[in-house]
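Take a look at the structure below.
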Amino acid sequence: MSDQTRFARLALDQVAAELDQTAFRGGYLTPDRMRFLATKVRDSVAVYNAAAGFADV
């Protein structure tokens with residue numbers, strides 16, 4: 001697993017942890033925070049797709 005793939009995995013784990021914590025405490029995310037998390041997910045997917053040889057969609 002390359003460093004980029006490891007960092008992408010870490011980013012996805014961080015997003016999941018933040019969503020879990022927000023749901024557990026009954027909180028909410030601001031629109032800016034949701035956009036930030038969505039960008040982290042999209043960037044991570046792009047890294048995984050590149051590692052797997054898929055073209056960006």
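Scheme for the structure tokens: letters A, B, ... for chains in order shown; per-chain residue numbers from 1; ligand numbers from 1 in order shown.
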
Using DSSP secondary structure from the backbone, list all alpha helix (DSSP H) positions within chain A, as a ChimeraX atom specification. /A:3-24,31-52

If we count only C-alpha atoms and set the cut-off at 10 Å, which residues sit around segment 16-24 of chain A, ignoring sequence neighbours fewer than 4 positions away in its own chain? Please answer as a PyMOL selection string. chain A and resi 10-12+28-29+34+37+41

Write out, as a CSV table (one decimal), in the first residue's frame, the residues just selected, with N, CA, C and O atoms.
```csv
chain,number,residue,atom,x,y,z
A,10,LEU,N,-6.6,7.0,6.0
A,10,LEU,CA,-6.7,7.8,7.2
A,10,LEU,C,-7.7,8.9,7.1
A,10,LEU,O,-8.5,9.1,8.0
A,11,ALA,N,-7.8,9.6,6.0
A,11,ALA,CA,-8.8,10.6,5.8
A,11,ALA,C,-10.2,10.1,5.9
A,11,ALA,O,-11.0,10.7,6.5
A,12,LEU,N,-10.4,8.9,5.2
A,12,LEU,CA,-11.7,8.3,5.3
A,12,LEU,C,-12.1,7.9,6.7
A,12,LEU,O,-13.2,8.1,7.2
A,28,TYR,N,-24.9,18.6,14.9
A,28,TYR,CA,-25.0,18.8,13.5
A,28,TYR,C,-23.7,19.4,13.0
A,28,TYR,O,-22.9,19.8,13.7
A,29,LEU,N,-23.6,19.3,11.7
A,29,LEU,CA,-22.4,19.9,11.0
A,29,LEU,C,-22.9,21.1,10.2
A,29,LEU,O,-23.9,21.1,9.6
A,34,MET,N,-19.5,20.2,6.3
A,34,MET,CA,-20.0,19.2,5.4
A,34,MET,C,-19.3,19.2,4.1
A,34,MET,O,-18.9,18.2,3.5
A,37,LEU,N,-15.7,17.9,4.6
A,37,LEU,CA,-15.7,16.4,4.7
A,37,LEU,C,-16.0,15.7,3.4
A,37,LEU,O,-15.4,14.7,3.0
A,41,VAL,N,-13.6,13.1,1.3
A,41,VAL,CA,-14.0,11.8,0.7
A,41,VAL,C,-13.7,11.7,-0.8
A,41,VAL,O,-13.2,10.7,-1.3
```

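Rounded to one decimal, atom CA of Pro31 of chain A and atom CA of Gln14 of chain A lie 17.8 Å from each other.
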
What lies within 8 Å of segment 42-55 of chain A using only C-alpha atoms, ignoring chain neighbours under 3 positions off, as a PyMOL selection string? chain A and resi 4-5+8-9+11-12+38-39
